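target12.txt, holding compact mmCIF, C-alpha atoms:
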# COMPACT_ATOMS: atom_id res chain seq x y z
CA MET A 1319 -116.42 -93.96 35.95
CA ARG A 1320 -113.42 -91.63 36.01
CA TYR A 1321 -111.47 -91.50 32.73
CA LEU A 1322 -108.04 -90.19 31.88
CA PHE A 1323 -107.46 -89.27 28.23
CA HIS A 1324 -103.76 -89.69 27.70
CA LEU A 1325 -100.77 -90.65 25.52
CA PRO A 1326 -98.29 -93.23 26.81
CA ILE A 1327 -94.90 -91.48 26.43
CA ASP A 1328 -96.09 -88.11 27.72
CA PRO A 1329 -94.64 -86.91 31.03
CA GLN A 1330 -97.71 -84.85 32.07
CA CYS A 1331 -99.98 -87.86 31.46
CA ARG A 1332 -97.64 -90.16 33.35
CA LYS A 1333 -97.53 -87.74 36.29
CA ILE A 1334 -101.32 -87.84 36.60
CA ARG A 1335 -101.44 -91.66 36.27
CA ILE A 1336 -98.89 -92.01 39.09
CA LEU A 1337 -100.66 -89.41 41.26
CA LEU A 1338 -104.09 -91.08 40.78
CA ALA A 1339 -102.55 -94.44 41.73
CA GLU A 1340 -100.78 -92.96 44.78
CA LYS A 1341 -104.11 -91.44 45.89
CA LYS A 1342 -105.81 -94.83 45.27
CA LEU A 1343 -108.37 -93.23 42.93
CA GLU A 1344 -109.73 -95.65 40.33
CA PHE A 1345 -109.77 -94.64 36.67
CA ASP A 1346 -109.88 -96.02 33.15
CA LEU A 1347 -107.32 -94.97 30.56
CA GLU A 1348 -108.29 -93.81 27.06
CA VAL A 1349 -105.55 -93.18 24.50
CA GLU A 1350 -106.33 -89.89 22.70
CA PRO A 1351 -104.55 -89.30 19.35
CA VAL A 1352 -104.63 -85.50 19.76
CA TRP A 1353 -103.21 -84.91 16.26
CA GLU A 1354 -106.57 -86.14 14.83
CA ARG A 1355 -108.33 -83.20 16.60
CA ARG A 1356 -111.41 -85.32 17.37
CA GLU A 1357 -114.53 -83.13 17.80
CA GLY A 1358 -115.66 -84.83 21.04
CA PHE A 1359 -112.23 -84.29 22.57
CA LEU A 1360 -112.07 -80.62 21.47
CA GLN A 1361 -115.30 -80.08 23.38
CA LEU A 1362 -113.66 -81.48 26.51
CA ASN A 1363 -110.50 -79.43 26.03
CA PRO A 1364 -110.34 -76.65 23.41
CA ALA A 1365 -106.53 -76.66 23.79
CA CYS A 1366 -106.70 -80.22 22.33
CA GLU A 1367 -103.95 -81.46 24.63
CA VAL A 1368 -103.69 -84.45 26.96
CA PRO A 1369 -104.07 -85.23 29.81
CA VAL A 1370 -107.78 -84.61 30.40
CA LEU A 1371 -109.55 -86.14 33.39
CA THR A 1372 -113.32 -86.63 33.39
CA GLU A 1373 -115.09 -87.30 36.67
CA THR A 1374 -118.15 -89.58 37.03
CA ASP A 1375 -120.45 -86.52 36.94
CA GLY A 1376 -118.95 -85.42 33.59
CA THR A 1377 -116.75 -82.61 34.94
CA ALA A 1378 -113.67 -82.34 32.70
CA ILE A 1379 -110.34 -81.11 34.08
CA SER A 1380 -107.67 -80.28 31.48
CA GLY A 1381 -103.89 -80.02 31.64
CA GLY A 1382 -101.31 -81.84 33.78
CA PRO A 1383 -100.56 -78.99 36.23
CA VAL A 1384 -104.30 -78.24 36.58
CA ILE A 1385 -105.31 -81.88 37.19
CA ALA A 1386 -102.54 -82.34 39.77
CA GLU A 1387 -103.71 -79.30 41.78
CA TYR A 1388 -107.35 -80.41 41.38
CA LEU A 1389 -106.62 -83.90 42.73
CA GLU A 1390 -104.77 -82.41 45.71
CA ASP A 1391 -107.66 -80.01 46.24
CA ALA A 1392 -110.60 -82.40 45.82
CA TYR A 1393 -109.05 -85.52 47.41
CA ASP A 1394 -107.01 -84.17 50.29
CA GLU A 1395 -106.91 -87.25 52.57
CA THR A 1396 -103.35 -87.92 51.37
CA SER A 1397 -101.32 -84.87 50.28
CA PHE A 1398 -98.37 -85.00 47.92
CA LEU A 1399 -97.62 -81.28 48.22
CA GLY A 1400 -96.68 -80.89 51.88
CA LYS A 1401 -98.06 -79.54 55.15
CA THR A 1402 -97.20 -75.81 55.27
CA PRO A 1403 -97.35 -73.09 52.57
CA THR A 1404 -93.52 -73.06 52.52
CA GLU A 1405 -93.27 -76.86 52.14
CA ARG A 1406 -95.87 -76.75 49.36
CA ALA A 1407 -93.92 -73.94 47.65
CA GLU A 1408 -90.75 -76.07 47.74
CA THR A 1409 -92.60 -79.05 46.23
CA ARG A 1410 -94.08 -76.80 43.52
CA ARG A 1411 -90.63 -75.26 42.85
CA MET A 1412 -89.20 -78.72 42.21
CA VAL A 1413 -92.19 -79.69 40.04
CA LEU A 1414 -91.64 -76.50 38.02
CA TRP A 1415 -87.91 -77.32 37.77
CA PHE A 1416 -88.64 -80.69 36.15
CA GLU A 1417 -91.62 -79.61 34.04
CA GLY A 1418 -90.08 -76.28 33.01
CA LYS A 1419 -86.29 -76.32 32.94
CA PHE A 1420 -85.68 -80.08 32.70
CA HIS A 1421 -88.45 -80.59 30.14
CA ARG A 1422 -87.19 -77.70 27.99
CA GLU A 1423 -83.50 -78.65 28.20
CA VAL A 1424 -83.78 -82.45 28.09
CA THR A 1425 -87.19 -84.10 27.46
CA ALA A 1426 -88.21 -81.75 24.63
CA ASN A 1427 -84.83 -82.28 22.95
CA LEU A 1428 -84.94 -86.08 23.16
CA VAL A 1429 -88.47 -87.49 23.57
CA GLU A 1430 -90.16 -84.83 21.43
CA GLN A 1431 -87.52 -85.10 18.70
CA LYS A 1432 -87.40 -88.90 18.64
CA VAL A 1433 -90.97 -89.97 19.54
CA THR A 1434 -93.46 -87.09 19.34
CA LYS A 1435 -92.32 -85.85 15.90
CA ARG A 1436 -92.89 -89.36 14.51
CA LEU A 1437 -96.36 -89.62 16.08
CA TYR A 1438 -97.41 -86.16 14.87
CA LYS A 1439 -95.65 -86.66 11.52
CA SER A 1440 -94.13 -83.19 12.11
CA GLY A 1441 -90.76 -83.51 10.41
CA GLN A 1442 -87.37 -85.10 10.96
CA PRO A 1443 -85.55 -85.17 14.32
CA ASP A 1444 -83.14 -82.24 14.78
CA SER A 1445 -79.69 -83.69 15.53
CA GLY A 1446 -78.53 -80.46 17.22
CA ALA A 1447 -81.45 -80.64 19.68
CA ILE A 1448 -80.69 -84.32 20.39
CA ARG A 1449 -77.00 -83.50 21.12
CA ALA A 1450 -78.10 -80.69 23.47
CA GLY A 1451 -80.49 -83.05 25.30
CA HIS A 1452 -77.76 -85.69 25.81
CA SER A 1453 -75.40 -83.02 27.12
CA ASN A 1454 -77.92 -81.23 29.41
CA ILE A 1455 -79.20 -84.33 31.20
CA HIS A 1456 -75.97 -84.73 33.20
CA TYR A 1457 -76.26 -81.63 35.38
CA HIS A 1458 -79.90 -82.42 36.11
CA LEU A 1459 -78.96 -85.93 37.29
CA GLU A 1460 -76.23 -84.31 39.40
CA TYR A 1461 -78.88 -81.98 40.88
CA ILE A 1462 -81.03 -85.02 41.82
CA ALA A 1463 -77.98 -86.58 43.52
CA TRP A 1464 -77.25 -83.28 45.32
CA LEU A 1465 -80.85 -83.07 46.57
CA CYS A 1466 -80.91 -86.74 47.69
CA ASP A 1467 -77.72 -86.15 49.65
CA ARG A 1468 -79.59 -83.54 51.72
CA ARG A 1469 -83.15 -84.92 51.80
CA ARG A 1470 -84.78 -88.35 51.66
CA TRP A 1471 -86.90 -87.36 48.61
CA LEU A 1472 -86.60 -84.49 46.10
CA SER A 1473 -88.58 -81.83 47.97
CA GLY A 1474 -88.13 -83.03 51.56
CA ASP A 1475 -88.47 -86.06 53.80
CA SER A 1476 -91.68 -87.34 52.17
CA PHE A 1477 -92.33 -88.75 48.72
CA SER A 1478 -94.09 -85.87 46.92
CA LEU A 1479 -95.39 -84.52 43.63
CA ALA A 1480 -91.79 -83.43 42.94
CA ASP A 1481 -90.67 -87.09 42.82
CA ILE A 1482 -93.72 -87.97 40.71
CA ALA A 1483 -93.07 -85.13 38.23
CA ALA A 1484 -89.36 -85.96 37.96
CA ALA A 1485 -90.01 -89.71 37.57
CA ALA A 1486 -92.65 -88.98 34.90
CA GLN A 1487 -90.04 -87.07 32.85
CA LEU A 1488 -87.23 -89.58 33.43
CA SER A 1489 -89.38 -92.64 32.74
CA CYS A 1490 -90.14 -91.27 29.24
CA LEU A 1491 -86.42 -90.73 28.62
CA ASP A 1492 -85.60 -94.15 30.06
CA PHE A 1493 -88.15 -95.75 27.72
CA ILE A 1494 -86.01 -94.59 24.76
CA GLY A 1495 -82.80 -95.57 26.57
CA ASP A 1496 -81.58 -91.98 26.97
CA VAL A 1497 -80.71 -91.82 30.67
CA PRO A 1498 -76.98 -92.39 31.43
CA TRP A 1499 -77.71 -94.02 34.82
CA GLU A 1500 -74.29 -95.69 35.03
CA LYS A 1501 -72.61 -92.28 35.38
CA HIS A 1502 -75.03 -91.10 38.09
CA PRO A 1503 -75.37 -93.83 40.77
CA ASP A 1504 -77.07 -91.57 43.36
CA ALA A 1505 -79.77 -90.43 40.92
CA LYS A 1506 -80.17 -94.08 39.90
CA ASP A 1507 -80.67 -95.05 43.53
CA TRP A 1508 -83.45 -92.44 43.89
CA TYR A 1509 -85.12 -93.67 40.67
CA ALA A 1510 -84.90 -97.32 41.84
CA ARG A 1511 -86.79 -96.30 45.00
CA VAL A 1512 -89.48 -94.59 42.88
CA LYS A 1513 -89.70 -97.56 40.47
CA SER A 1514 -90.34 -100.00 43.31
CA ARG A 1515 -93.62 -98.21 44.20
CA PRO A 1516 -96.81 -99.97 43.01
CA SER A 1517 -97.98 -96.69 41.38
CA MET A 1518 -95.15 -97.04 38.84
CA ARG A 1519 -96.08 -100.54 37.62
CA PRO A 1520 -98.56 -99.51 34.89
CA ILE A 1521 -96.06 -96.92 33.59
CA LEU A 1522 -93.36 -99.57 33.31
CA ALA A 1523 -95.75 -101.87 31.41
CA ASP A 1524 -96.48 -99.26 28.67
CA HIS A 1525 -96.13 -100.35 25.04
CA VAL A 1526 -95.55 -98.08 22.06
CA VAL A 1527 -95.69 -99.41 18.50
CA GLY A 1528 -92.28 -99.07 16.86
CA THR A 1529 -90.28 -98.41 20.07
CA LYS A 1530 -88.87 -101.12 22.32
CA PRO A 1531 -87.62 -99.97 25.73
CA PRO A 1532 -84.20 -101.18 26.96
CA GLU A 1533 -83.93 -104.36 29.08
CA HIS A 1534 -83.58 -102.49 32.40
CA TYR A 1535 -86.62 -100.22 31.80
CA ALA A 1536 -89.19 -102.13 33.89
CA ASP A 1537 -86.74 -103.62 36.38
CA PRO A 1538 -86.64 -101.90 39.81
CA ASP A 1539 -83.23 -103.55 40.49
CA PHE A 1540 -81.61 -102.18 37.34
CA MET B 91 -89.58 -56.18 54.08
CA ARG B 92 -90.94 -58.34 51.28
CA TYR B 93 -88.98 -58.11 48.01
CA LEU B 94 -89.82 -59.16 44.49
CA PHE B 95 -86.84 -59.73 42.18
CA HIS B 96 -88.17 -59.07 38.69
CA LEU B 97 -87.75 -57.80 35.13
CA PRO B 98 -90.21 -55.20 33.78
CA ILE B 99 -91.41 -56.75 30.48
CA ASP B 100 -91.79 -60.27 31.87
CA PRO B 101 -95.34 -61.68 32.06
CA GLN B 102 -94.67 -63.95 35.07
CA CYS B 103 -93.20 -61.03 37.02
CA ARG B 104 -96.10 -58.79 36.05
CA LYS B 105 -98.60 -61.43 37.14
CA ILE B 106 -97.06 -61.55 40.63
CA ARG B 107 -96.90 -57.73 40.89
CA ILE B 108 -100.61 -57.49 40.03
CA LEU B 109 -101.53 -60.34 42.40
CA LEU B 110 -99.55 -58.81 45.30
CA ALA B 111 -101.30 -55.47 44.69
CA GLU B 112 -104.75 -57.13 44.47
CA LYS B 113 -104.03 -58.89 47.78
CA LYS B 114 -102.84 -55.56 49.26
CA LEU B 115 -99.49 -57.07 50.26
CA GLU B 116 -96.69 -54.51 50.43
CA PHE B 117 -93.42 -55.21 48.65
CA ASP B 118 -90.34 -53.56 47.20
CA LEU B 119 -89.24 -54.25 43.63
CA GLU B 120 -85.66 -55.16 42.73
CA VAL B 121 -84.67 -55.43 39.06
CA GLU B 122 -82.56 -58.60 38.63
CA PRO B 123 -80.45 -58.81 35.44
CA VAL B 124 -80.60 -62.63 35.38
CA TRP B 125 -78.15 -62.85 32.45
CA GLU B 126 -75.38 -61.66 34.80
CA ARG B 127 -75.93 -64.84 36.93
CA ARG B 128 -75.24 -62.96 40.18
CA GLU B 129 -74.00 -65.30 42.92
CA GLY B 130 -76.40 -63.97 45.60
CA PHE B 131 -79.34 -64.45 43.26
CA LEU B 132 -78.28 -68.00 42.29
CA GLN B 133 -78.37 -68.85 45.99
CA LEU B 134 -81.98 -67.65 46.15
CA ASN B 135 -82.97 -69.52 42.96
CA PRO B 136 -80.61 -72.03 41.36
CA ALA B 137 -82.77 -71.87 38.19
CA CYS B 138 -81.58 -68.20 37.96
CA GLU B 139 -84.98 -67.01 36.75
CA VAL B 140 -87.29 -64.22 37.86
CA PRO B 141 -89.66 -63.71 39.62
CA VAL B 142 -88.36 -64.56 43.09
CA LEU B 143 -90.21 -63.39 46.19
CA THR B 144 -88.43 -63.08 49.53
CA GLU B 145 -90.48 -62.79 52.69
CA THR B 146 -89.44 -60.70 55.73
CA ASP B 147 -88.11 -63.87 57.46
CA GLY B 148 -85.84 -64.59 54.47
CA THR B 149 -87.94 -67.38 52.94
CA ALA B 150 -87.45 -67.31 49.15
CA ILE B 151 -90.19 -68.50 46.78
CA SER B 152 -89.15 -68.95 43.13
CA GLY B 153 -91.09 -69.03 39.88
CA GLY B 154 -94.30 -67.28 38.78
CA PRO B 155 -96.66 -70.29 39.06
CA VAL B 156 -95.13 -71.25 42.43
CA ILE B 157 -95.36 -67.73 43.91
CA ALA B 158 -98.99 -67.36 42.75
CA GLU B 159 -100.03 -70.62 44.48
CA TYR B 160 -97.99 -69.65 47.55
CA LEU B 161 -99.69 -66.25 47.85
CA GLU B 162 -103.12 -67.89 47.52
CA ASP B 163 -102.08 -70.47 50.11
CA ALA B 164 -100.41 -68.21 52.68
CA TYR B 165 -102.71 -65.16 52.34
CA ASP B 166 -106.15 -66.65 51.81
CA GLU B 167 -108.34 -63.76 53.07
CA THR B 168 -109.03 -62.83 49.43
CA SER B 169 -108.88 -65.65 46.88
CA PHE B 170 -108.26 -65.18 43.17
CA LEU B 171 -108.67 -68.87 42.34
CA GLY B 172 -112.32 -69.53 43.24
CA LYS B 173 -114.43 -71.23 45.89
CA THR B 174 -114.76 -74.90 44.86
CA PRO B 175 -112.19 -77.38 43.48
CA THR B 176 -113.99 -77.22 40.09
CA GLU B 177 -113.96 -73.39 40.02
CA ARG B 178 -110.29 -73.40 40.97
CA ALA B 179 -109.57 -75.96 38.21
CA GLU B 180 -111.29 -73.68 35.66
CA THR B 181 -109.23 -70.68 36.82
CA ARG B 182 -106.03 -72.76 36.64
CA ARG B 183 -107.00 -74.07 33.18
CA MET B 184 -107.31 -70.50 31.91
CA VAL B 185 -104.03 -69.49 33.58
CA LEU B 186 -102.36 -72.48 31.87
CA TRP B 187 -103.96 -71.46 28.55
CA PHE B 188 -102.37 -68.01 28.71
CA GLU B 189 -99.05 -69.06 30.23
CA GLY B 190 -98.71 -72.20 28.12
CA LYS B 191 -100.45 -71.97 24.76
CA PHE B 192 -100.74 -68.17 24.42
CA HIS B 193 -97.20 -67.59 25.69
CA ARG B 194 -95.75 -70.21 23.33
CA GLU B 195 -97.75 -69.10 20.27
CA VAL B 196 -97.72 -65.32 20.79
CA THR B 197 -95.62 -63.80 23.61
CA ALA B 198 -92.53 -65.95 22.96
CA ASN B 199 -92.71 -65.11 19.24
CA LEU B 200 -93.03 -61.35 19.76
CA VAL B 201 -91.77 -60.16 23.18
CA GLU B 202 -88.94 -62.69 23.42
CA GLN B 203 -87.83 -62.07 19.83
CA LYS B 204 -88.03 -58.27 20.02
CA VAL B 205 -87.15 -57.47 23.66
CA THR B 206 -85.64 -60.46 25.51
CA LYS B 207 -83.13 -61.32 22.77
CA ARG B 208 -81.80 -57.75 22.90
CA LEU B 209 -81.54 -57.79 26.71
CA TYR B 210 -79.79 -61.17 26.78
CA LYS B 211 -77.72 -60.31 23.67
CA SER B 212 -78.78 -63.75 22.36
CA GLY B 213 -78.92 -63.10 18.62
CA GLN B 214 -81.11 -61.39 16.05
CA PRO B 215 -84.94 -61.51 16.04
CA ASP B 216 -86.34 -64.37 13.90
CA SER B 217 -88.73 -62.83 11.36
CA GLY B 218 -90.61 -66.13 10.88
CA ALA B 219 -91.37 -66.29 14.59
CA ILE B 220 -92.55 -62.66 14.57
CA ARG B 221 -94.91 -63.36 11.64
CA ALA B 222 -96.30 -66.42 13.47
CA GLY B 223 -96.88 -64.34 16.61
CA HIS B 224 -98.77 -61.63 14.68
CA SER B 225 -100.91 -64.29 13.03
CA ASN B 226 -101.62 -66.37 16.17
CA ILE B 227 -102.73 -63.49 18.40
CA HIS B 228 -106.06 -63.11 16.55
CA TYR B 229 -107.68 -66.39 17.58
CA HIS B 230 -106.61 -65.86 21.18
CA LEU B 231 -108.28 -62.41 21.20
CA GLU B 232 -111.37 -64.07 19.69
CA TYR B 233 -111.26 -66.63 22.50
CA ILE B 234 -111.21 -63.80 25.08
CA ALA B 235 -114.24 -62.24 23.35
CA TRP B 236 -116.01 -65.65 23.28
CA LEU B 237 -115.36 -66.13 27.01
CA CYS B 238 -116.49 -62.59 27.91
CA ASP B 239 -119.71 -63.17 26.00
CA ARG B 240 -120.49 -66.04 28.42
CA ARG B 241 -118.92 -64.84 31.67
CA ARG B 242 -118.18 -61.51 33.32
CA TRP B 243 -114.46 -62.34 33.64
CA LEU B 244 -112.27 -64.95 31.95
CA SER B 245 -112.80 -67.86 34.35
CA GLY B 246 -116.23 -66.96 35.75
CA ASP B 247 -118.17 -64.14 37.37
CA SER B 248 -115.28 -62.90 39.52
CA PHE B 249 -112.02 -61.23 38.57
CA SER B 250 -109.46 -64.03 39.01
CA LEU B 251 -105.89 -65.15 38.49
CA ALA B 252 -106.95 -66.01 34.92
CA ASP B 253 -107.57 -62.30 34.18
CA ILE B 254 -104.32 -61.40 35.93
CA ALA B 255 -102.30 -63.98 33.95
CA ALA B 256 -103.88 -62.94 30.63
CA ALA B 257 -103.41 -59.22 31.33
CA ALA B 258 -99.79 -59.84 32.31
CA GLN B 259 -99.12 -61.44 28.91
CA LEU B 260 -101.11 -58.86 26.93
CA SER B 261 -99.64 -55.85 28.73
CA CYS B 262 -96.14 -56.95 27.63
CA LEU B 263 -97.34 -57.26 24.04
CA ASP B 264 -99.17 -53.93 24.28
CA PHE B 265 -95.98 -52.28 25.54
CA ILE B 266 -94.36 -53.06 22.18
CA GLY B 267 -97.55 -52.08 20.29
CA ASP B 268 -98.29 -55.63 19.11
CA VAL B 269 -101.94 -56.06 20.10
CA PRO B 270 -104.42 -55.39 17.24
CA TRP B 271 -107.12 -54.08 19.61
CA GLU B 272 -109.02 -52.25 16.85
CA LYS B 273 -109.96 -55.62 15.28
CA HIS B 274 -111.11 -57.11 18.58
CA PRO B 275 -113.44 -54.66 20.38
CA ASP B 276 -114.78 -57.21 22.91
CA ALA B 277 -111.30 -58.28 24.00
CA LYS B 278 -110.39 -54.57 24.18
CA ASP B 279 -113.39 -53.94 26.42
CA TRP B 280 -112.24 -56.71 28.80
CA TYR B 281 -108.68 -55.29 28.84
CA ALA B 282 -110.00 -51.75 29.50
CA ARG B 283 -111.80 -53.13 32.59
CA VAL B 284 -108.57 -54.77 33.79
CA LYS B 285 -106.51 -51.62 33.07
CA SER B 286 -108.81 -49.48 35.20
CA ARG B 287 -107.93 -51.50 38.35
CA PRO B 288 -105.46 -49.79 40.73
CA SER B 289 -103.29 -52.97 40.71
CA MET B 290 -102.44 -52.28 37.04
CA ARG B 291 -101.10 -48.74 37.59
CA PRO B 292 -97.48 -49.65 38.37
CA ILE B 293 -97.41 -52.01 35.36
CA LEU B 294 -98.58 -49.20 33.07
CA ALA B 295 -95.88 -46.90 34.47
CA ASP B 296 -93.00 -49.27 33.59
CA HIS B 297 -90.03 -47.87 31.67
CA VAL B 298 -87.59 -49.83 29.57
CA VAL B 299 -84.47 -48.22 28.10
CA GLY B 300 -84.65 -48.26 24.30
CA THR B 301 -88.38 -49.08 24.00
CA LYS B 302 -91.17 -46.51 24.07
CA PRO B 303 -94.69 -47.87 24.49
CA PRO B 304 -97.48 -46.63 22.17
CA GLU B 305 -99.63 -43.62 23.21
CA HIS B 306 -102.61 -45.75 24.34
CA TYR B 307 -100.52 -48.11 26.52
CA ALA B 308 -101.20 -46.51 29.92
CA ASP B 309 -104.65 -45.12 29.06
CA PRO B 310 -107.60 -47.11 30.47
CA ASP B 311 -109.90 -45.36 27.94
CA PHE B 312 -107.86 -46.37 24.90
If you convert what's in this file into structure tokens, what do you get?
Amino acid sequence: MRYLFHLPIDPQCRKIRILLAEKKLEFDLEVEPVWERREGFLQLNPACEVPVLTETDGTAISGGPVIAEYLEDAYDETSFLGKTPTERAETRRMVLWFEGKFHREVTANLVEQKVTKRLYKSGQPDSGAIRAGHSNIHYHLEYIAWLCDRRRWLSGDSFSLADIAAAAQLSCLDFIGDVPWEKHPDAKDWYARVKSRPSMRPILADHVVGTKPPEHYADPDF
Amino acid sequence: MRYLFHLPIDPQCRKIRILLAEKKLEFDLEVEPVWERREGFLQLNPACEVPVLTETDGTAISGGPVIAEYLEDAYDETSFLGKTPTERAETRRMVLWFEGKFHREVTANLVEQKVTKRLYKSGQPDSGAIRAGHSNIHYHLEYIAWLCDRRRWLSGDSFSLADIAAAAQLSCLDFIGDVPWEKHPDAKDWYARVKSRPSMRPILADHVVGTKPPEHYADPDF
């Protein structure tokens, strides 16, 4: 069996779960409390980070960006990167936007401060970081609206890894009620289209002890 | 002509310069002072970050990880990722190790504190971060030694993007004299092999106003 070692409110893990589902690849989920530094897990991934994918033959692939490229590489019947090198570069640019810039300016300031710090018992949330996250999210939602005004999906006319990466980030923020959708109707419309895909259902059914998502979280018609 | 917009002591830019040279692709370098947020550059890359590669037909590819995949994709006569999906995943895992974990724990704490902050005029160096960087670098150099004891190069028997990514990080640190090579002879031996490649010559000839590299910096027999 194929296994994915993961944590629920982790955008890289969510990206791989959505991508596996979109590629119709079966897998079992294993929650890995990385802060316990379990010996068996360190042998799979010396960086001791999730996600890690293990294939039926025991091959272990570590790290969200690495697993995504591996799945595109090894299971290329359906591609979520694009057809030409230039299309693939545009998809990867958008993925990097959401996993680099957006993650640094928004997700790290909100999800990591409010959720991850509690899980890792690594100190109190930093209120300055949280303020910055709430302020930064607006121009990113405006960028999504700007892109969707010019293209059907974030990196072009097809649903791609860019949409998956962006939805993985935003779904974590939405779980803690930190996305001001009402001020950004065009970004909300894009996210409603993503949420209605079957690959998103398991993400929207996630539970985390001590955190209750807002009413609209799992509703595609929010 | 192909252009690379770059900054000299930037590991992502150095990685692309080395990769372009290894692939024998000609290009001209343009220094881009990103902190000036030049309008023409923002049109190439709204994230306003280097590196950005422009092809002869005007196509712009933005971001170190994106450009590296693009060059492998568009110019596949010589590959620096590997032959099979599993080999490529191992190369990408090592690239992610050096650009994620190593960069966060070492390069960001030393190069960004000592060089980038001065360039961007974004405050004084944080002495706690500098201490952490000096402390963290040791186990990463031990990891390089451990890998080179088992493989000829960092991700396997061939020189790969993993060696390029690691050398790009370490060459920036070496430029400011912050690599304790004398305590890590096996890592030093690996770096001497990388330094002796023609693709490294332009990197070792870099000049930065206000910073003089140590005597051994450009010497392959250091």
Legend entry - Polymer residues at most 12 Å from Val121 in chain B, all atoms listed in the file, same-chain spacing of 2 or more positions, as a ChimeraX atom specification: /B:93-100,103,118-119,123-126,131,139-142,296-298
Inset, instruction - Tell me the residues of chain B close to chain A, meaning within 8 Å using only C-alpha atoms, as a list in words. - result: Ala137, Thr149, Ile151, Ser152, Gly153, Val156, Ile157, Glu159, Tyr160, Asp163, Ala164, Pro175, Thr176, Arg178, Ala179, Glu180, Arg182, Arg183, Leu186, Trp187 and Lys191 of chain B
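With all atoms listed in the file as the basis for measurement, B:Phe117 is the residue among B:Phe249, B:Tyr233, B:Phe188, B:Phe117 that approaches Glu145 in chain B most closely.
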Legend entry - Atomic separation - CA of Thr301 in chain B relative to CA of Gly130 in chain B, Å: 28.8 Å
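Going from CA of Val269 in chain B over to CA of Ile220 in chain B, you cover 12.7 Å.
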